[in-house]
Amino acid sequence: MKEAATSPGRRMPMNLRVCEIFRSIQGESTRAGQPCSFVRLAGCDAGCTYCDTPQAQDPAAGRDMTVASVAAAVTDLGESLVEITGGEPLLQRDGVAALAARLLDAGCTVMLETNGCHDVSPLDPRIEIVMDVKTPGSGVAKRLCRANLDVLDGNDEVKFVLTGREDYLWAREFVARTPQLSRVRAIHFSPVWETLPAAALAAWLRADGGAARLAVQLHKLLGVQ
Ligand code: SF4
């Protein structure tokens with residue numbers, strides 16, 4: 001494990017700022033429906049208009065935990081599928097890398113949800129990245145780290161969260177103009193729960209021949225965390 005040295009011969013354990021660690025059902029991605037443990041980290045720099053985890057935006061939310069204690073808490077939950085989410089996990093890049101390495105080496109499948117605003121290239125290729133491409137309706141579309149599109153591969157997935165028809169047309173165009181996306185495992189179009197009925201998005205995808213797959217947040221349908 002990578003640790004930050006404070007003085008020669010003395011090391012401080014690496015910490016993560018953690019909002020919550022819990023066990024639930026994976027609600028998104030091609031792994032939707034699988035039991036999964038989640039590590040929700042504090043702090044996000046995006047500020048999407050539709051944020052459904054505002055409690056995790058504050059970098060001071062939650063509590064400090066060592067990487068070792070987070071890994072132990074995850075292990076205690078007993079699931080082999082683990083998602084590191086937020087907030088924006090890559091704001092705590094070193095700690096996330098250390099946590100992911102521990103979990104991967106222990107045989108877990110590790111997913112990482114990221115808002116797409118930060119470089120993913122240094123991450124362990126075993127991590128399954130689920131990257132948002134923010135649409136105009138999010139208010140932060142210009143924040144996309146475009147270099148990430150050249151890095152993602154068949155172990156990774158991309159998600160467009162759509163607020164309405166304009167976002168849908170924008171996302172459809174983005175996919176058509178971005179050949180790198182042919183390399184990712186899946187492209188998801190996910191409706192904002194409160195503003196775009198999933199049935200309307202399904203009808204648009206059906207009519208257009210499917211630039212992406214419909215992703216409905218299963219955990220919200222089930223009414224679980
Ligand atoms: S990236 Fe996620 S956590 Fe951050 S503001 Fe947007 S929806 Fe909220």
# chains A, B, ... in the order shown; residues from 1 in each chain; ligands from 1
>>> residues_around(residues="Thr195 of chain A", least_positions_apart="5", cutoff="9 Å", atoms="only C-alpha atoms", output="number ranges by chain")
A: 162-164
>>> write_last_selection(atoms="C-alpha atoms", output="PDB file, in the first residue's frame")
ATOM      1  CA  LEU A 162     -30.347  13.111 -19.699  1.00  0.00           C
ATOM      2  CA  THR A 163     -32.656  15.871 -18.483  1.00  0.00           C
ATOM      3  CA  GLY A 164     -34.911  15.877 -21.579  1.00  0.00           C
TER       4      GLY A 164
END
>>> residues_near_ligand(ligand="ligand 1", cutoff="10 Å", atoms="only C-alpha atoms and all ligand atoms", output="PyMOL selection string")
chain A and resi 40-58+85-89+113-117+131-134+138-140+161
>>> closest_residue(among="A:Phe174, A:Leu196, A:Val67, A:Glu28", to="Glu157 of chain A", atoms="only C-alpha atoms")
A:Glu28
>>> select_by_dssp(residues="segment 20-120 of chain A", states="strand (DSSP E or B)", output="PyMOL selection string")
chain A and resi 20-25+35-41+63-66+81-85+109-114
>>> select_by_dssp(residues="segment 130-170 of chain A", states="helix (DSSP H, G or I)", output="list in words")
Pro136, Gly137, Ser138, Ala141, Lys142, Arg143, Arg146, Ala147, Asn148, Leu149, Asp150, Arg165, Glu166, Asp167, Tyr168, Leu169 and Trp170 of chain A
>>> residues_around(residues="segment 214-220 of chain A", least_positions_apart="6", cutoff="6 Å", atoms="only C-alpha atoms", output="list in words")
Gly27, Glu28, His188, Phe189 and Ser190 of chain A
>>> closest_residue(among="A:Cys36, A:Arg183, A:Gln225, A:Arg126", to="Val151 of chain A", atoms="only C-alpha atoms")
A:Arg183
>>> atom_distance(atom1="atom CA of Ile127 of chain A", atom2="atom CA of Pro59 of chain A")
23.4 Å
>>> closest_residue(among="A:Met14, A:Leu149, A:Leu90, A:Ala203", to="Ser69 of chain A", atoms="only C-alpha atoms")
A:Met14
